[in-house]
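The next block is my_file39.cif, given as mmCIF, N, CA and C atoms.
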data_structure
#
loop_
_atom_site.label_atom_id
_atom_site.label_comp_id
_atom_site.auth_asym_id
_atom_site.auth_seq_id
_atom_site.Cartn_x
_atom_site.Cartn_y
_atom_site.Cartn_z
N MET A 169 60.39 -169.05 -32.12
CA MET A 169 61.46 -168.44 -32.84
C MET A 169 61.71 -169.25 -34.12
N THR A 170 61.88 -168.56 -35.23
CA THR A 170 62.11 -169.25 -36.51
C THR A 170 63.59 -169.32 -36.77
N ASP A 171 63.95 -170.38 -37.43
CA ASP A 171 65.36 -170.53 -37.79
C ASP A 171 65.67 -169.67 -39.02
N ALA A 172 66.79 -169.01 -38.96
CA ALA A 172 67.23 -168.21 -40.13
C ALA A 172 67.73 -169.17 -41.21
N PRO A 173 67.46 -168.87 -42.48
CA PRO A 173 67.94 -169.76 -43.54
C PRO A 173 69.46 -169.79 -43.57
N ASN A 174 69.97 -170.96 -43.79
CA ASN A 174 71.42 -171.16 -43.85
C ASN A 174 71.91 -170.73 -45.23
N PRO A 175 72.78 -169.73 -45.33
CA PRO A 175 73.23 -169.27 -46.65
C PRO A 175 74.13 -170.28 -47.35
N TYR A 176 74.56 -171.31 -46.64
CA TYR A 176 75.45 -172.30 -47.25
C TYR A 176 74.70 -173.52 -47.79
N ASP A 177 73.40 -173.57 -47.59
CA ASP A 177 72.61 -174.67 -48.13
C ASP A 177 72.49 -174.53 -49.65
N ALA A 178 72.43 -175.67 -50.30
CA ALA A 178 72.21 -175.67 -51.76
C ALA A 178 70.78 -175.25 -52.05
N PRO A 179 70.55 -174.62 -53.18
CA PRO A 179 69.18 -174.24 -53.52
C PRO A 179 68.29 -175.46 -53.63
N ARG A 180 67.01 -175.28 -53.30
CA ARG A 180 66.09 -176.39 -53.29
C ARG A 180 65.08 -176.32 -54.44
N ALA A 181 65.38 -175.57 -55.45
CA ALA A 181 64.45 -175.44 -56.57
C ALA A 181 64.44 -176.73 -57.39
N ALA A 182 63.28 -177.08 -57.86
CA ALA A 182 63.16 -178.27 -58.71
C ALA A 182 63.66 -177.95 -60.11
N LEU A 183 64.35 -178.89 -60.70
CA LEU A 183 64.86 -178.70 -62.06
C LEU A 183 63.78 -179.03 -63.07
N VAL A 184 63.72 -178.24 -64.10
CA VAL A 184 62.75 -178.46 -65.17
C VAL A 184 63.33 -179.51 -66.11
N ASP A 185 62.50 -180.47 -66.46
CA ASP A 185 62.96 -181.49 -67.40
C ASP A 185 63.17 -180.86 -68.77
N ALA A 186 64.32 -181.16 -69.35
CA ALA A 186 64.62 -180.63 -70.68
C ALA A 186 63.81 -181.38 -71.73
N ASP A 187 63.45 -180.68 -72.75
CA ASP A 187 62.71 -181.28 -73.86
C ASP A 187 63.68 -182.17 -74.65
N ARG A 188 63.45 -183.45 -74.66
CA ARG A 188 64.35 -184.40 -75.32
C ARG A 188 63.89 -184.79 -76.72
N THR A 189 62.83 -184.17 -77.22
CA THR A 189 62.37 -184.50 -78.56
C THR A 189 63.38 -183.99 -79.57
N PRO A 190 63.61 -184.77 -80.61
CA PRO A 190 64.58 -184.33 -81.61
C PRO A 190 64.13 -183.05 -82.31
N MET A 191 65.06 -182.17 -82.52
CA MET A 191 64.77 -180.89 -83.16
C MET A 191 65.01 -181.02 -84.66
N ARG A 192 64.13 -180.46 -85.43
CA ARG A 192 64.31 -180.46 -86.89
C ARG A 192 65.35 -179.44 -87.28
N MET A 193 66.11 -179.77 -88.30
CA MET A 193 67.13 -178.84 -88.78
C MET A 193 66.45 -177.60 -89.35
N PRO A 194 66.86 -176.42 -88.88
CA PRO A 194 66.23 -175.19 -89.38
C PRO A 194 66.63 -174.93 -90.84
N PRO A 195 65.79 -174.20 -91.56
CA PRO A 195 66.09 -173.89 -92.96
C PRO A 195 67.43 -173.18 -93.14
N THR A 196 67.83 -172.39 -92.15
CA THR A 196 69.11 -171.69 -92.27
C THR A 196 70.27 -172.69 -92.33
N MET A 197 70.17 -173.77 -91.56
CA MET A 197 71.23 -174.77 -91.59
C MET A 197 71.19 -175.59 -92.86
N ILE A 198 70.00 -175.89 -93.35
CA ILE A 198 69.88 -176.61 -94.63
C ILE A 198 70.53 -175.79 -95.73
N ALA A 199 70.24 -174.49 -95.75
CA ALA A 199 70.83 -173.60 -96.75
C ALA A 199 72.34 -173.52 -96.58
N ALA A 200 72.81 -173.42 -95.34
CA ALA A 200 74.26 -173.32 -95.09
C ALA A 200 74.99 -174.56 -95.57
N LEU A 201 74.46 -175.74 -95.26
CA LEU A 201 75.11 -176.98 -95.69
C LEU A 201 75.08 -177.14 -97.21
N THR A 202 73.97 -176.77 -97.82
CA THR A 202 73.86 -176.86 -99.29
C THR A 202 74.87 -175.92 -99.96
N ILE A 203 74.95 -174.71 -99.49
CA ILE A 203 75.90 -173.75 -100.06
C ILE A 203 77.33 -174.20 -99.82
N TYR A 204 77.59 -174.73 -98.62
CA TYR A 204 78.96 -175.16 -98.30
C TYR A 204 79.43 -176.26 -99.25
N VAL A 205 78.54 -177.20 -99.57
CA VAL A 205 78.90 -178.26 -100.52
C VAL A 205 79.03 -177.69 -101.93
N ALA A 206 78.20 -176.72 -102.30
CA ALA A 206 78.25 -176.13 -103.63
C ALA A 206 79.51 -175.31 -103.88
N ILE A 207 80.16 -174.86 -102.82
CA ILE A 207 81.37 -174.05 -102.99
C ILE A 207 82.49 -174.87 -103.64
N TYR A 208 82.57 -176.16 -103.31
CA TYR A 208 83.65 -177.00 -103.84
C TYR A 208 83.69 -177.01 -105.37
N PRO A 209 82.60 -177.34 -106.05
CA PRO A 209 82.69 -177.29 -107.53
C PRO A 209 82.93 -175.89 -108.08
N ILE A 210 82.44 -174.87 -107.37
CA ILE A 210 82.68 -173.49 -107.82
C ILE A 210 84.17 -173.18 -107.80
N GLU A 211 84.89 -173.76 -106.84
CA GLU A 211 86.33 -173.52 -106.75
C GLU A 211 87.14 -174.40 -107.71
N VAL A 212 86.70 -175.62 -107.93
CA VAL A 212 87.50 -176.58 -108.68
C VAL A 212 87.25 -176.54 -110.19
N ILE A 213 86.01 -176.51 -110.61
CA ILE A 213 85.68 -176.62 -112.03
C ILE A 213 86.34 -175.52 -112.88
N PRO A 214 86.38 -174.26 -112.45
CA PRO A 214 87.04 -173.25 -113.29
C PRO A 214 88.55 -173.47 -113.46
N LEU A 215 89.16 -174.28 -112.61
CA LEU A 215 90.60 -174.51 -112.72
C LEU A 215 90.96 -175.57 -113.76
N ILE A 216 89.95 -176.31 -114.22
CA ILE A 216 90.20 -177.32 -115.24
C ILE A 216 90.58 -176.63 -116.55
N ASP A 217 91.55 -177.21 -117.24
CA ASP A 217 92.10 -176.68 -118.50
C ASP A 217 92.78 -175.32 -118.32
N THR A 218 93.39 -175.12 -117.18
CA THR A 218 94.24 -173.96 -116.94
C THR A 218 95.64 -174.48 -116.66
N PRO A 219 96.62 -173.61 -116.60
CA PRO A 219 97.98 -174.10 -116.29
C PRO A 219 98.06 -174.81 -114.93
N VAL A 220 97.22 -174.44 -114.01
CA VAL A 220 97.22 -175.09 -112.70
C VAL A 220 96.83 -176.57 -112.83
N TRP A 221 95.95 -176.85 -113.76
CA TRP A 221 95.46 -178.21 -114.00
C TRP A 221 96.61 -179.17 -114.32
N LYS A 222 97.65 -178.68 -114.94
CA LYS A 222 98.75 -179.52 -115.37
C LYS A 222 99.79 -179.79 -114.28
N LEU A 223 99.62 -179.16 -113.12
CA LEU A 223 100.54 -179.40 -112.01
C LEU A 223 100.41 -180.84 -111.51
N LYS A 224 101.52 -181.37 -111.08
CA LYS A 224 101.57 -182.76 -110.64
C LYS A 224 100.65 -183.03 -109.44
N PHE A 225 100.53 -182.09 -108.54
CA PHE A 225 99.78 -182.30 -107.31
C PHE A 225 98.37 -181.72 -107.34
N PHE A 226 97.90 -181.34 -108.52
CA PHE A 226 96.58 -180.72 -108.60
C PHE A 226 95.47 -181.68 -108.13
N VAL A 227 95.46 -182.87 -108.67
CA VAL A 227 94.39 -183.82 -108.34
C VAL A 227 94.43 -184.20 -106.86
N PRO A 228 95.59 -184.54 -106.27
CA PRO A 228 95.57 -184.86 -104.83
C PRO A 228 95.13 -183.67 -103.96
N ILE A 229 95.53 -182.48 -104.33
CA ILE A 229 95.14 -181.31 -103.55
C ILE A 229 93.63 -181.09 -103.64
N MET A 230 93.08 -181.18 -104.83
CA MET A 230 91.64 -180.99 -105.00
C MET A 230 90.85 -182.12 -104.34
N ALA A 231 91.40 -183.34 -104.36
CA ALA A 231 90.74 -184.46 -103.67
C ALA A 231 90.74 -184.23 -102.16
N SER A 232 91.85 -183.75 -101.63
CA SER A 232 91.89 -183.48 -100.18
C SER A 232 90.96 -182.32 -99.83
N LEU A 233 90.82 -181.34 -100.70
CA LEU A 233 89.86 -180.26 -100.48
C LEU A 233 88.43 -180.81 -100.47
N GLY A 234 88.16 -181.76 -101.34
CA GLY A 234 86.84 -182.40 -101.36
C GLY A 234 86.56 -183.18 -100.08
N VAL A 235 87.57 -183.91 -99.59
CA VAL A 235 87.41 -184.65 -98.34
C VAL A 235 87.20 -183.67 -97.19
N TYR A 236 87.96 -182.58 -97.17
CA TYR A 236 87.80 -181.56 -96.13
C TYR A 236 86.38 -180.99 -96.15
N THR A 237 85.86 -180.72 -97.33
CA THR A 237 84.50 -180.19 -97.46
C THR A 237 83.49 -181.18 -96.91
N LEU A 238 83.65 -182.46 -97.23
CA LEU A 238 82.72 -183.47 -96.73
C LEU A 238 82.80 -183.62 -95.21
N VAL A 239 84.01 -183.59 -94.66
CA VAL A 239 84.18 -183.72 -93.21
C VAL A 239 83.55 -182.52 -92.50
N MET A 240 83.79 -181.33 -93.01
CA MET A 240 83.20 -180.14 -92.38
C MET A 240 81.67 -180.14 -92.50
N THR A 241 81.15 -180.56 -93.64
CA THR A 241 79.70 -180.63 -93.81
C THR A 241 79.11 -181.63 -92.82
N PHE A 242 79.76 -182.79 -92.69
CA PHE A 242 79.29 -183.80 -91.75
C PHE A 242 79.35 -183.27 -90.31
N ALA A 243 80.44 -182.60 -89.97
CA ALA A 243 80.60 -182.07 -88.61
C ALA A 243 79.55 -181.01 -88.30
N LEU A 244 79.24 -180.16 -89.26
CA LEU A 244 78.20 -179.15 -89.04
C LEU A 244 76.83 -179.81 -88.94
N TRP A 245 76.60 -180.83 -89.75
CA TRP A 245 75.33 -181.55 -89.73
C TRP A 245 75.14 -182.25 -88.38
N ARG A 246 76.23 -182.77 -87.80
CA ARG A 246 76.18 -183.46 -86.51
C ARG A 246 76.21 -182.50 -85.32
N ARG A 247 76.26 -181.18 -85.60
CA ARG A 247 76.23 -180.13 -84.58
C ARG A 247 77.48 -180.11 -83.70
N TRP A 248 78.61 -180.43 -84.26
CA TRP A 248 79.84 -180.41 -83.47
C TRP A 248 80.31 -178.97 -83.34
N GLN A 249 80.53 -178.54 -82.11
CA GLN A 249 80.84 -177.14 -81.83
C GLN A 249 82.18 -176.72 -82.44
N TRP A 250 83.16 -177.61 -82.48
CA TRP A 250 84.46 -177.25 -83.04
C TRP A 250 84.32 -176.87 -84.51
N ALA A 251 83.37 -177.46 -85.21
CA ALA A 251 83.19 -177.16 -86.64
C ALA A 251 82.73 -175.71 -86.82
N ARG A 252 81.85 -175.24 -85.93
CA ARG A 252 81.43 -173.84 -86.01
C ARG A 252 82.59 -172.90 -85.76
N LEU A 253 83.40 -173.22 -84.76
CA LEU A 253 84.57 -172.39 -84.46
C LEU A 253 85.54 -172.38 -85.64
N TRP A 254 85.80 -173.55 -86.19
CA TRP A 254 86.73 -173.65 -87.33
C TRP A 254 86.16 -172.90 -88.54
N LEU A 255 84.85 -172.97 -88.74
CA LEU A 255 84.23 -172.26 -89.84
C LEU A 255 84.41 -170.75 -89.69
N VAL A 256 84.25 -170.25 -88.48
CA VAL A 256 84.44 -168.81 -88.23
C VAL A 256 85.89 -168.41 -88.49
N LEU A 257 86.84 -169.22 -88.02
CA LEU A 257 88.26 -168.90 -88.24
C LEU A 257 88.62 -168.91 -89.72
N THR A 258 88.19 -169.92 -90.43
CA THR A 258 88.52 -169.98 -91.87
C THR A 258 87.80 -168.89 -92.65
N THR A 259 86.63 -168.48 -92.17
CA THR A 259 85.92 -167.39 -92.84
C THR A 259 86.64 -166.07 -92.61
N ALA A 260 87.24 -165.89 -91.45
CA ALA A 260 88.03 -164.68 -91.20
C ALA A 260 89.20 -164.60 -92.18
N VAL A 261 89.85 -165.73 -92.41
CA VAL A 261 90.95 -165.77 -93.38
C VAL A 261 90.40 -165.50 -94.79
N THR A 262 89.27 -166.09 -95.11
CA THR A 262 88.64 -165.87 -96.42
C THR A 262 88.29 -164.40 -96.62
N ALA A 263 87.74 -163.76 -95.60
CA ALA A 263 87.38 -162.34 -95.71
C ALA A 263 88.63 -161.49 -95.92
N PHE A 264 89.70 -161.83 -95.22
CA PHE A 264 90.96 -161.11 -95.40
C PHE A 264 91.47 -161.27 -96.84
N LEU A 265 91.46 -162.50 -97.36
CA LEU A 265 91.92 -162.74 -98.73
C LEU A 265 91.02 -162.06 -99.76
N LEU A 266 89.72 -162.04 -99.50
CA LEU A 266 88.80 -161.34 -100.39
C LEU A 266 89.10 -159.85 -100.41
N ALA A 267 89.34 -159.28 -99.25
CA ALA A 267 89.69 -157.85 -99.18
C ALA A 267 90.99 -157.58 -99.94
N ARG A 268 91.95 -158.48 -99.82
CA ARG A 268 93.22 -158.30 -100.56
C ARG A 268 93.00 -158.41 -102.07
N MET A 269 92.14 -159.33 -102.49
CA MET A 269 91.86 -159.46 -103.93
C MET A 269 91.22 -158.19 -104.46
N VAL A 270 90.29 -157.65 -103.71
CA VAL A 270 89.61 -156.42 -104.13
C VAL A 270 90.60 -155.26 -104.11
N TRP A 271 91.41 -155.17 -103.06
CA TRP A 271 92.38 -154.08 -102.93
C TRP A 271 93.40 -154.11 -104.05
N ARG A 272 93.88 -155.28 -104.40
CA ARG A 272 94.90 -155.41 -105.44
C ARG A 272 94.31 -155.40 -106.84
N GLY A 273 93.01 -155.45 -106.93
CA GLY A 273 92.36 -155.37 -108.23
C GLY A 273 92.50 -156.64 -109.06
N VAL A 274 92.27 -157.79 -108.44
CA VAL A 274 92.33 -159.05 -109.18
C VAL A 274 91.25 -159.03 -110.24
N SER A 275 91.59 -159.47 -111.41
CA SER A 275 90.70 -159.42 -112.57
C SER A 275 89.38 -160.13 -112.29
N MET A 276 88.31 -159.61 -112.84
CA MET A 276 87.01 -160.24 -112.72
C MET A 276 86.96 -161.53 -113.53
N GLU A 277 88.02 -161.81 -114.26
CA GLU A 277 88.13 -163.10 -114.94
C GLU A 277 88.12 -164.21 -113.90
N HIS A 278 88.54 -163.89 -112.70
CA HIS A 278 88.54 -164.85 -111.59
C HIS A 278 87.31 -164.63 -110.71
N GLY A 279 86.20 -164.36 -111.33
CA GLY A 279 84.96 -164.10 -110.60
C GLY A 279 84.53 -165.27 -109.73
N TYR A 280 84.89 -166.49 -110.14
CA TYR A 280 84.53 -167.66 -109.34
C TYR A 280 85.20 -167.59 -107.96
N ALA A 281 86.39 -167.02 -107.89
CA ALA A 281 87.07 -166.89 -106.59
C ALA A 281 86.32 -165.90 -105.70
N TYR A 282 85.85 -164.79 -106.29
CA TYR A 282 85.04 -163.84 -105.54
C TYR A 282 83.75 -164.50 -105.05
N LEU A 283 83.10 -165.24 -105.95
CA LEU A 283 81.84 -165.89 -105.61
C LEU A 283 82.04 -166.90 -104.48
N ALA A 284 83.09 -167.71 -104.56
CA ALA A 284 83.36 -168.70 -103.53
C ALA A 284 83.62 -168.02 -102.19
N ALA A 285 84.36 -166.93 -102.19
CA ALA A 285 84.65 -166.22 -100.93
C ALA A 285 83.39 -165.63 -100.33
N VAL A 286 82.56 -165.03 -101.16
CA VAL A 286 81.32 -164.44 -100.66
C VAL A 286 80.38 -165.54 -100.13
N LEU A 287 80.34 -166.69 -100.82
CA LEU A 287 79.50 -167.78 -100.35
C LEU A 287 80.00 -168.36 -99.03
N ARG A 288 81.32 -168.42 -98.84
CA ARG A 288 81.87 -168.89 -97.56
C ARG A 288 81.45 -167.96 -96.42
N ILE A 289 81.50 -166.67 -96.69
CA ILE A 289 81.07 -165.70 -95.67
C ILE A 289 79.57 -165.86 -95.40
N ALA A 290 78.79 -166.09 -96.45
CA ALA A 290 77.34 -166.29 -96.28
C ALA A 290 77.04 -167.53 -95.44
N VAL A 291 77.80 -168.60 -95.64
CA VAL A 291 77.60 -169.81 -94.85
C VAL A 291 77.84 -169.53 -93.37
N THR A 292 78.89 -168.80 -93.07
CA THR A 292 79.18 -168.48 -91.67
C THR A 292 78.07 -167.62 -91.06
N VAL A 293 77.58 -166.66 -91.82
CA VAL A 293 76.47 -165.83 -91.33
C VAL A 293 75.25 -166.70 -91.05
N LEU A 294 74.94 -167.63 -91.95
CA LEU A 294 73.79 -168.52 -91.75
C LEU A 294 73.96 -169.40 -90.51
N VAL A 295 75.18 -169.88 -90.27
CA VAL A 295 75.43 -170.74 -89.11
C VAL A 295 75.35 -169.95 -87.80
N LEU A 296 75.60 -168.64 -87.86
CA LEU A 296 75.57 -167.83 -86.65
C LEU A 296 74.22 -167.15 -86.39
N LEU A 297 73.25 -167.36 -87.27
CA LEU A 297 71.91 -166.81 -87.04
C LEU A 297 71.26 -167.49 -85.84
N PRO A 298 70.31 -166.81 -85.18
CA PRO A 298 69.70 -167.38 -83.97
C PRO A 298 69.10 -168.79 -84.15
N ALA A 299 68.44 -169.05 -85.26
CA ALA A 299 67.84 -170.37 -85.46
C ALA A 299 68.92 -171.46 -85.50
N SER A 300 70.02 -171.17 -86.16
CA SER A 300 71.11 -172.14 -86.23
C SER A 300 71.79 -172.29 -84.88
N ARG A 301 71.94 -171.20 -84.16
CA ARG A 301 72.56 -171.27 -82.83
C ARG A 301 71.72 -172.13 -81.89
N ARG A 302 70.39 -171.99 -81.97
CA ARG A 302 69.50 -172.83 -81.14
C ARG A 302 69.65 -174.30 -81.52
N TRP A 303 69.81 -174.56 -82.81
CA TRP A 303 69.96 -175.94 -83.27
C TRP A 303 71.25 -176.55 -82.72
N PHE A 304 72.34 -175.80 -82.71
CA PHE A 304 73.59 -176.30 -82.13
C PHE A 304 73.48 -176.41 -80.60
N ALA A 305 72.76 -175.50 -79.97
CA ALA A 305 72.60 -175.53 -78.51
C ALA A 305 71.78 -176.74 -78.06
N ALA A 306 70.84 -177.19 -78.89
CA ALA A 306 70.03 -178.35 -78.55
C ALA A 306 70.90 -179.60 -78.43
N LYS A 307 71.94 -179.69 -79.22
CA LYS A 307 72.86 -180.82 -79.15
C LYS A 307 73.73 -180.73 -77.89
N ALA A 308 74.19 -179.52 -77.58
CA ALA A 308 75.11 -179.33 -76.46
C ALA A 308 74.42 -179.59 -75.12
N GLY A 309 73.10 -179.40 -75.07
CA GLY A 309 72.37 -179.54 -73.82
C GLY A 309 72.15 -180.94 -73.37
#
As structure tokens - that is how I would like this structure written.
Amino acid sequence: MTDAPNPYDAPRAALVDADRTPMRMPPTMIAALTIYVAIYPIEVIPLIDTPVWKLKFFVPIMASLGVYTLVMTFALWRRWQWARLWLVLTTAVTAFLLARMVWRGVSMEHGYAYLAAVLRIAVTVLVLLPASRRWFAAKAG
């Protein structure tokens, strides 16, 4: 007589060793990080020699925006999952503001604002592509 298998026993399958070789950054992530850093000057340079430039807090605000850009770029480069989530959330806000600018008919004189918003959306799309998702998953594993 054979013993019936015990349904409460743990599975006895052997685990496959995970590939521990370092993964190269995919081109989509290289492009995303490059574009993300390029957005900062696109947003700041057009504001020079405008009335906003003369505000007392302009330089500290732009400096903090630069630090934020560097921290987010570093976090994405290091494959930190919270950075991807934060990027998606801020892109949702950016898309909403872009839609409002288009709806209200903001002058094309502010084309740099349109360009920066579209580039932010492009960065998020690049980070969510399958190659980039695999790159982030390699870190999480």
- Expressed in Å to a single decimal, how great is the separation between atom CA of A:Ile198 and atom CA of A:Thr258? 20.0 Å
- Task: For stretch 245-255 of chain A, work out the shell of residues within 12 Å, counting only C-alpha atoms and skipping chain neighbours fewer than 2 positions away, then give it as a ChimeraX atom specification.
- Result: /A:191-194,196-202,204-205,236-243,257-263,288-297,300-309
- Query: Between atom C of A:Leu287 and atom CA of A:Val212, what is the spacing in Å?
  - Reply: 14.7 Å
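Running the PyMOL selection byres (((chain A and resi 266 and name CA) around 12) and name CA) on this file leaves A:Thr259, A:Ala260, A:Val261, A:Thr262, A:Ala263, A:Phe264, A:Leu265, A:Ala267, A:Arg268, A:Met269, A:Val270, A:Trp271, A:Arg272, A:Gly273, A:Val274, A:His278, A:Gly279, A:Tyr280, A:Ala281, A:Tyr282, A:Leu283, A:Ala284, A:Ala285, A:Val286, A:Leu287, A:Arg288, A:Ile289 selected.
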- Item | Computed interatomic separation between atom CA of A:Phe226 and atom C of A:Tyr208 (Å) |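 Atom-to-atom, atom CA of A:Phe226 and atom C of A:Tyr208 are spaced 13.8 Å apart.
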- Run DSSP on the backbone of this structure and report the residues of chain A it assigns to alpha helix (DSSP H), as a ChimeraX atom specification. /A:195-212,226-245,249-272,279-296,298-308
